[in-house]
Each structure stands twice: as C-alpha cells, then as structure tokens.
Amino acid sequence: MTSNTANFDLAALALKAACPNNEILFDDKGMPSVMVKIPKMTYAQLGLGDSTDVFPAFIVNGQEVNEIYISKFMNIVQNSRAYSLPGRDYANSINFENAIARCTSKGRGWHLMTAMEWGLLILWCEHNGFIPLGNLAYGKYHTETNYKAIPMTKDGNGQILHTAGGTGPLTWFHDGTPGGIADLAGNGWEWTGGVRTVYGELQVLANNDAADSGNAQTESAATWKAIDAASGTLITPNGEGTTPGSVKMDYVSGAIKYDTTISSQSDSGRYCNFNTITYNSETISSAAVRFLQAIGFLPITGTLCTTYGRCYFNNGAAERCFYRGGNYSSSNEYSFPSFYGRNARSYTAAGIGFRSAFVQLPAA
C-alpha cells in the first residue's frame with residue numbers, strides 16, 4: 001500500500017465516522033472528491049404525491065440506479081478536471097459546455113449536476129422542512145449580522161465575494177448538518193445539465209439521462225425533447241420552439257406561466273419569484289405539472305420557498321441554458337430554488353461555477 005493510498009483510506013474512514021452519508025470517490029486518475037450519497041427514492045418519499053414509482057433522477061438510460069453522489073462542495077478545476085474539495089474557492093468564469101467537459105472527463109458516470117438532480121434536492125428539502133441559506137449578500141446571508149464563512153475574494157471596496165467551500169454555518173448545508181451538501185444557495189450560480197429553452201419551449205433529456213456523457217447536450221443534439229402538456233411524456237421538438245402541444249414558458253401578469261402557446265414573447269431577461277410561477281390548468285396536465293416540479297421549475301403546494309427565489313428566463317432566443325442557486329451579490333432576491341435562463345451556453349462570469357455528480361451507470 002502506498003502512503004497516498006493509506007492517507008486516502010484514513011481520510012475516508014474519518015469522513016464516514018463524522019458524516020455517514022459522505023464518501024470520497026475517485027476518478028479514473030485516482031484523484032479524490034468528497035461526495036454526498038443520495039439513496040434511491042420514490043415520488044411519495046419526496047412528498048410529490050403518493051406514487052411509489054422511482055423518482056426519475058434515479059433512472060438513467062431506462063434503468064434504475066441505487067444512489068446518486070452529489071459534490072459536497074462547488075467544484076474546483078485541476079488539470080482540466082472537476083473536484084469537490086473543502087475550503088477552496090470554486091472554479092468560475094466557465095461556460096456551460098466547459099463545465100460539462102470538466103465533469104465528464106473524470107470517467108464513466110461523472111457528469112455535470114442535472115436539473116433533475118437539483119429538483120430532487122429541492123423536493124427533499126421541502127419535504128423535510130428545511131431550505132438552505134448561503135452566501136447571498138457579500139459573504140453572509142442577508143439576515144445575518146456577522147460574516148460566517150472564510151473569505152476567498154473581495155472587490156475593490158473590500159466586500160466579500162467568494163467564500164471558501166463548506167466554511168459557512170450549518171444553515172448553509174442542504175440538510176442543516178455537517179453531512180449535507182454545502183453552498184447550494186449563493187456563493188456562485190451553478191450550471192445545470194439536461195434543461196434548456198428554445199424560443200421559450202422547455203426542452204429536457206429523458207429522466208436523468210443527462211448523467212450519462214454518452215447522451216449529448218450539444219445545441220443540435222437529438223437527445224433534447226419537448227414535454228407534451230397533455231400527457232407529461234417527452235416528444236420530439238420541431239426545432240422552432242413551436243412544437244404543437246408542448247410545454248412553453250409564457251409571461252403573464254409579470255410572472256412565468258406554463259402553457260402550450262406563448263402570448264408574450266421577448267428576446268430579453270424577464271423575471272419573477274419562484275413561488276409566483278403558475279400554469280394553465282386547462283392545457284397543462286397533472287403529469288406535466290409533476291414533471292415541472294420534479295426538475296424544480298414549478299413550486300409545489302405550500303412551498304417553503306415563499307419569499308425569495310427570483311427566476312429569470314428568455315422566451316425569445318434560439319437557445320438558453322440554465323444555472324441555479326444565486327451568487328454572492330444576490331441579497332434577498334435569489335435563493336436555493338432560483339434559476340437563471342437568460343444567457344447562452346457560451347456565457348461566463350466570475351459569479352458562475354458548477355458542481356459535478358456521479359452515478360454508477362448500468363451496464364450497456
């Protein structure tokens with residue numbers, strides 16, 4: 001046994017002793033990442049109805065997986081690969097495609113965290129009565145009186161921007177414990193895979209197929225599907241964002257409203273709070289509603305995310321991708337359920353990072 005292997009084994013043992021749901025996983029180069037294991041769950045176990053069907057985040061290429069591992073920390077990049085390590089400043093100024101590449105280059109099963117996985121965490125948090133806070137106001141949460149995390153970068157006025165991953169209070173972890181996932185709210189926006197809009201039409205990959213790098217997420221990929229509003233099943237889009245009967249993001253009375261047609265279309269950034277997003281009950285079926293809730297794009301009844309959570313979208317552009325969670329300058333406007341779909345996949349900014357995840361892919 002080499003000294004490095006022994007050190008990793010000891011570190012893994014100490015981590016499991018303190019946080020039983022945390023594990024150190026290694027990529028195909030033998031480099032470690034600290035991950036949080038989420039075991040397979042049903043819709044009912046997540047508070048989304050009473051169905052005992054497996055939640056779609058645990059279905060990849062039509063087969064069930066027993067668990068999903070989510071990076072405990074926003075990722076850094078070393079040698080063009082993504083890693084989840086504590087106390088570090090997250091990689092930023094990276095676009096959507098590069099974020100995917102940094103994750104998938106680690107080996108089979110590694111991927112950019114998906115919309116279905118983000119939705120899974122929202123539902124888990126809602127069902128368990130705890131919504132994580134974070135660095136949304138220059139180093140702290142806006143209602144906190146003192147800085148709570150280790151500063152990593154500051155602006156010219158001395159305001160804290162990025163904080164070191166996982167150094168905030170327990171309220172910044174998804175379950176309120178040291179074993180939770182850190183910094184899902186604030187610090188940095190996070191690119192999420194498997195969802196986009198095309199002229200306002202919402203498009204996704206089936207179930208959690210975005211977890212397999214073999215399922216392309218390029219702009220022209222055939223894996224992108226529209227959502228049939230009547231059945232909640234996935235259908236082939238027509239490429240123009242006008243697929244008959246598909247779910248689209250309309251803008252009505254200052255808020256997103258899902259419908260099969262768009263009455264107000266604009267190539268611009270428009271926003272509303274997460275809890276004000278609605279749908280046309282005459283055109284959007286209960287199955288389609290459940291799908292939208294599953295990917296965290298529609299609040300559930302009695303949502304805890306009632307005050308903040310601003311969401312941006314653009315329903316007039318050929319393609320827009322999404323990042324989530326807010327960043328260090330979000331103040332009281334953004335939060336854990338926030339999504340931002342105003343920009344193209346090529347967009348970069350110092351307040352945008354990403355997070356890798358891992359599934360043990362079923363055999364082909």
# chains A, B, ... in the order shown; residues from 1 in each chain; ligands from 1

call {"tool": "select_by_dssp", "arguments": {"residues": "stretch 91-195 of chain A", "states": "helix (DSSP H, G or I)", "output": "list of chain:residue names"}}
result
A:Phe96, A:Glu97, A:Asn98, A:Ala99, A:Ile100, A:Ala101, A:Arg102, A:Cys103, A:Thr104, A:Ala115, A:Met116, A:Glu117, A:Trp118, A:Gly119, A:Leu120, A:Leu121, A:Ile122, A:Leu123, A:Trp124, A:Cys125, A:Glu126, A:His127, A:Leu170, A:Thr171, A:Trp172

call {"tool": "write_last_selection", "arguments": {"atoms": "C-alpha atoms", "output": "mmCIF file, in the first residue's frame"}}
result
data_model
loop_
_atom_site.group_PDB
_atom_site.id
_atom_site.type_symbol
_atom_site.label_atom_id
_atom_site.label_comp_id
_atom_site.auth_asym_id
_atom_site.auth_seq_id
_atom_site.Cartn_x
_atom_site.Cartn_y
_atom_site.Cartn_z
ATOM 1 C CA PHE A 96 -21.885 25.513 -19.986
ATOM 2 C CA GLU A 97 -20.031 23.207 -22.365
ATOM 3 C CA ASN A 98 -16.734 23.539 -20.497
ATOM 4 C CA ALA A 99 -18.487 22.798 -17.206
ATOM 5 C CA ILE A 100 -19.830 19.585 -18.728
ATOM 6 C CA ALA A 101 -16.398 18.682 -20.112
ATOM 7 C CA ARG A 102 -14.626 19.206 -16.772
ATOM 8 C CA CYS A 103 -17.017 16.702 -15.195
ATOM 9 C CA THR A 104 -17.279 14.057 -17.902
ATOM 10 C CA ALA A 115 -31.796 19.727 -13.477
ATOM 11 C CA MET A 116 -33.435 16.507 -12.316
ATOM 12 C CA GLU A 117 -30.876 16.198 -9.513
ATOM 13 C CA TRP A 118 -31.353 19.831 -8.479
ATOM 14 C CA GLY A 119 -35.115 19.251 -8.447
ATOM 15 C CA LEU A 120 -34.580 16.148 -6.313
ATOM 16 C CA LEU A 121 -32.783 18.258 -3.695
ATOM 17 C CA ILE A 122 -35.466 20.963 -3.737
ATOM 18 C CA LEU A 123 -38.170 18.357 -3.144
ATOM 19 C CA TRP A 124 -36.126 16.641 -0.415
ATOM 20 C CA CYS A 125 -35.578 19.947 1.362
ATOM 21 C CA GLU A 126 -39.220 20.971 1.035
ATOM 22 C CA HIS A 127 -40.427 17.599 2.308
ATOM 23 C CA LEU A 170 -24.844 24.614 9.224
ATOM 24 C CA THR A 171 -27.746 26.589 7.766
ATOM 25 C CA TRP A 172 -25.713 26.673 4.530
#

call {"tool": "residues_around", "arguments": {"residues": "A:Met152", "least_positions_apart": "4", "cutoff": "10 Å", "atoms": "only C-alpha atoms", "output": "list in words"}}
result
Gly87, Arg88, Asp89, Tyr90, Gly139, Ile160, Leu161, His162, Thr163, Ala164 and Gly165 of chain A

call {"tool": "write_last_selection", "arguments": {"atoms": "N, CA and C atoms", "output": "short mmCIF file (atom, residue, chain, number, x, y, z; two decimals), in the first residue's frame"}}
result
data_model
loop_
_atom_site.label_atom_id
_atom_site.label_comp_id
_atom_site.auth_asym_id
_atom_site.auth_seq_id
_atom_site.Cartn_x
_atom_site.Cartn_y
_atom_site.Cartn_z
N GLY A 87 -12.95 23.91 1.65
CA GLY A 87 -12.13 25.08 1.94
C GLY A 87 -11.47 25.71 0.74
N ARG A 88 -12.01 25.51 -0.44
CA ARG A 88 -11.41 26.03 -1.66
C ARG A 88 -12.33 27.04 -2.33
N ASP A 89 -11.76 27.87 -3.19
CA ASP A 89 -12.54 28.79 -4.00
C ASP A 89 -13.01 28.07 -5.25
N TYR A 90 -14.27 28.21 -5.58
CA TYR A 90 -14.82 27.46 -6.71
C TYR A 90 -14.33 27.98 -8.06
N GLY A 139 -20.72 37.56 1.42
CA GLY A 139 -20.08 36.82 2.48
C GLY A 139 -20.99 36.31 3.58
N ILE A 160 -16.80 41.12 0.54
CA ILE A 160 -16.50 39.72 0.31
C ILE A 160 -17.32 39.21 -0.87
N LEU A 161 -16.67 38.50 -1.78
CA LEU A 161 -17.35 37.88 -2.90
C LEU A 161 -17.43 36.37 -2.64
N HIS A 162 -16.50 35.61 -3.16
CA HIS A 162 -16.50 34.16 -2.93
C HIS A 162 -16.08 33.85 -1.49
N THR A 163 -16.67 32.78 -0.95
CA THR A 163 -16.21 32.25 0.33
C THR A 163 -15.73 30.82 0.13
N ALA A 164 -14.88 30.34 1.03
CA ALA A 164 -14.31 29.00 0.92
C ALA A 164 -15.41 27.95 1.07
N GLY A 165 -15.41 26.98 0.18
CA GLY A 165 -16.46 25.97 0.17
C GLY A 165 -16.63 25.24 1.47
#

call {"tool": "residues_around", "arguments": {"residues": "A:Asp259", "least_positions_apart": "2", "cutoff": "8 Å", "atoms": "only C-alpha atoms", "output": "list in words"}}
result
Ala229, Ser246, Val247, Lys248, Met249, Asp250, Lys257, Thr261, Ile262, Tyr279, Asn280, Thr283 and Ile284 of chain A

call {"tool": "residues_around", "arguments": {"residues": "A:Tyr251", "least_positions_apart": "5", "cutoff": "9 Å", "atoms": "only C-alpha atoms", "output": "PyMOL selection string"}}
result
chain A and resi 256-258+262-265+270-271+315

call {"tool": "residues_around", "arguments": {"residues": "A:Ala182", "least_positions_apart": "3", "cutoff": "9 Å", "atoms": "only C-alpha atoms", "output": "PyMOL selection string"}}
result
chain A and resi 71-74+132+134+165-168+170+172-174+178-179+185

call {"tool": "residues_around", "arguments": {"residues": "A:Asn21", "least_positions_apart": "3", "cutoff": "8 Å", "atoms": "only C-alpha atoms", "output": "VMD selection string"}}
result
chain A and resid 16 36 to 38 179

call {"tool": "write_last_selection", "arguments": {"atoms": "C-alpha atoms", "output": "CSV table (one decimal), in the first residue's frame"}}
result
chain,number,residue,atom,x,y,z
A,16,LYS,CA,-17.5,8.3,7.3
A,36,VAL,CA,-22.8,13.1,-0.6
A,37,LYS,CA,-24.8,10.0,-1.3
A,38,ILE,CA,-28.5,10.3,-2.0
A,179,GLY,CA,-23.0,15.8,6.4

call {"tool": "atom_distance", "arguments": {"atom1": "atom CA of A:Asn92", "atom2": "atom CA of A:Thr348"}}
result
7.8 Å

call {"tool": "residues_around", "arguments": {"residues": "A:Thr223", "least_positions_apart": "5", "cutoff": "10 Å", "atoms": "only C-alpha atoms", "output": "list in words"}}
result
Gly194, Gln203, Val204, Leu205, Ala206, Asp209, Ala210, Asn215, Ala216, Gln217, Thr218 and Thr236 of chain A

call {"tool": "atom_distance", "arguments": {"atom1": "atom CA of A:Lys225", "atom2": "atom CA of A:Asp50"}}
result
26.6 Å

call {"tool": "select_by_dssp", "arguments": {"residues": "stretch 192-259 of chain A", "states": "strand (DSSP E)", "output": "list in words"}}
result
Thr192, Gly193, Gly194, Val195, Arg196, Thr197, Val198, Glu201, Leu202, Gln203, Val204, Lys225, Ala226, Ile227, Leu234, Ile235, Lys248, Met249, Asp250, Tyr251, Val252, Ala255, Ile256, Lys257, Tyr258 and Asp259 of chain A

call {"tool": "write_last_selection", "arguments": {"atoms": "N, CA and C atoms", "output": "short mmCIF file (atom, residue, chain, number, x, y, z; two decimals), in the first residue's frame"}}
result
data_model
loop_
_atom_site.label_atom_id
_atom_site.label_comp_id
_atom_site.auth_asym_id
_atom_site.auth_seq_id
_atom_site.Cartn_x
_atom_site.Cartn_y
_atom_site.Cartn_z
N THR A 192 -26.50 23.81 -14.65
CA THR A 192 -27.14 22.51 -14.52
C THR A 192 -27.42 21.94 -15.90
N GLY A 193 -27.21 20.65 -16.04
CA GLY A 193 -27.40 19.99 -17.32
C GLY A 193 -28.81 19.48 -17.50
N GLY A 194 -29.12 19.11 -18.75
CA GLY A 194 -30.38 18.43 -19.04
C GLY A 194 -31.60 19.30 -19.15
N VAL A 195 -31.43 20.63 -19.26
CA VAL A 195 -32.59 21.51 -19.44
C VAL A 195 -32.17 22.75 -20.21
N ARG A 196 -33.06 23.24 -21.06
CA ARG A 196 -32.83 24.47 -21.81
C ARG A 196 -34.18 24.97 -22.34
N THR A 197 -34.19 26.16 -22.91
CA THR A 197 -35.34 26.64 -23.66
C THR A 197 -34.92 26.93 -25.08
N VAL A 198 -35.85 26.74 -26.01
CA VAL A 198 -35.69 27.12 -27.41
C VAL A 198 -36.90 27.97 -27.77
N GLU A 201 -39.75 27.33 -25.51
CA GLU A 201 -40.19 25.95 -25.32
C GLU A 201 -39.20 25.25 -24.39
N LEU A 202 -39.71 24.65 -23.33
CA LEU A 202 -38.85 23.95 -22.38
C LEU A 202 -38.44 22.61 -22.98
N GLN A 203 -37.14 22.33 -22.97
CA GLN A 203 -36.62 21.08 -23.51
C GLN A 203 -35.69 20.41 -22.50
N VAL A 204 -35.75 19.10 -22.44
CA VAL A 204 -35.01 18.33 -21.45
C VAL A 204 -34.48 17.04 -22.08
N LYS A 225 -35.62 16.84 -25.86
CA LYS A 225 -37.03 16.56 -26.10
C LYS A 225 -37.90 17.65 -25.49
N ALA A 226 -39.04 17.88 -26.10
CA ALA A 226 -40.05 18.77 -25.53
C ALA A 226 -40.96 17.96 -24.61
N ILE A 227 -41.75 18.64 -23.80
CA ILE A 227 -42.65 17.99 -22.85
C ILE A 227 -44.08 18.11 -23.37
N LEU A 234 -42.37 12.79 -23.13
CA LEU A 234 -41.45 13.58 -23.93
C LEU A 234 -41.69 13.32 -25.41
N ILE A 235 -41.59 14.38 -26.20
CA ILE A 235 -41.85 14.32 -27.63
C ILE A 235 -40.73 15.00 -28.38
N LYS A 248 -44.52 25.37 -22.76
CA LYS A 248 -43.74 26.57 -23.09
C LYS A 248 -43.84 27.56 -21.93
N MET A 249 -42.85 28.46 -21.86
CA MET A 249 -42.81 29.45 -20.79
C MET A 249 -43.39 30.77 -21.30
N ASP A 250 -44.62 31.02 -20.92
CA ASP A 250 -45.27 32.30 -21.24
C ASP A 250 -44.99 33.28 -20.10
N TYR A 251 -45.30 34.55 -20.34
CA TYR A 251 -45.11 35.58 -19.31
C TYR A 251 -46.41 36.34 -19.18
N VAL A 252 -47.10 36.12 -18.05
CA VAL A 252 -48.44 36.67 -17.86
C VAL A 252 -48.50 37.38 -16.51
N ALA A 255 -45.24 37.27 -14.41
CA ALA A 255 -44.72 36.00 -13.88
C ALA A 255 -44.74 34.93 -14.96
N ILE A 256 -43.89 33.92 -14.78
CA ILE A 256 -43.89 32.78 -15.69
C ILE A 256 -45.19 32.00 -15.53
N LYS A 257 -45.79 31.66 -16.68
CA LYS A 257 -46.97 30.80 -16.69
C LYS A 257 -46.78 29.77 -17.78
N TYR A 258 -46.79 28.49 -17.41
CA TYR A 258 -46.61 27.42 -18.39
C TYR A 258 -47.90 27.21 -19.17
N ASP A 259 -47.73 27.07 -20.48
CA ASP A 259 -48.88 26.89 -21.36
C ASP A 259 -48.39 26.21 -22.62
#

call {"tool": "closest_residue", "arguments": {"among": "A:Tyr69, A:Tyr312, A:Tyr328, A:Tyr334", "to": "A:Ala149", "atoms": "only C-alpha atoms"}}
result
A:Tyr328

call {"tool": "atom_distance", "arguments": {"atom1": "atom CA of A:Phe354", "atom2": "atom CA of A:Asn275"}}
result
24.4 Å

call {"tool": "closest_residue", "arguments": {"among": "A:Thr177, A:Asn79, A:Ser231, A:Gln360", "to": "A:Trp110", "atoms": "only C-alpha atoms"}}
result
A:Gln360

call {"tool": "closest_residue", "arguments": {"among": "A:Cys321, A:Ile277, A:Ala57, A:Cys272", "to": "A:Ile300", "atoms": "only C-alpha atoms"}}
result
A:Ile277

call {"tool": "closest_residue", "arguments": {"among": "A:Asp183, A:Glu282, A:Glu240, A:Glu333", "to": "A:Gly316", "atoms": "only C-alpha atoms"}}
result
A:Glu240

call {"tool": "closest_residue", "arguments": {"among": "A:Leu292, A:Ile59, A:Leu25, A:Leu133", "to": "A:Ala211", "atoms": "only C-alpha atoms"}}
result
A:Ile59

call {"tool": "closest_residue", "arguments": {"among": "A:Asn95, A:Thr278, A:Thr42, A:Asn208", "to": "A:Asn343", "atoms": "only C-alpha atoms"}}
result
A:Asn95
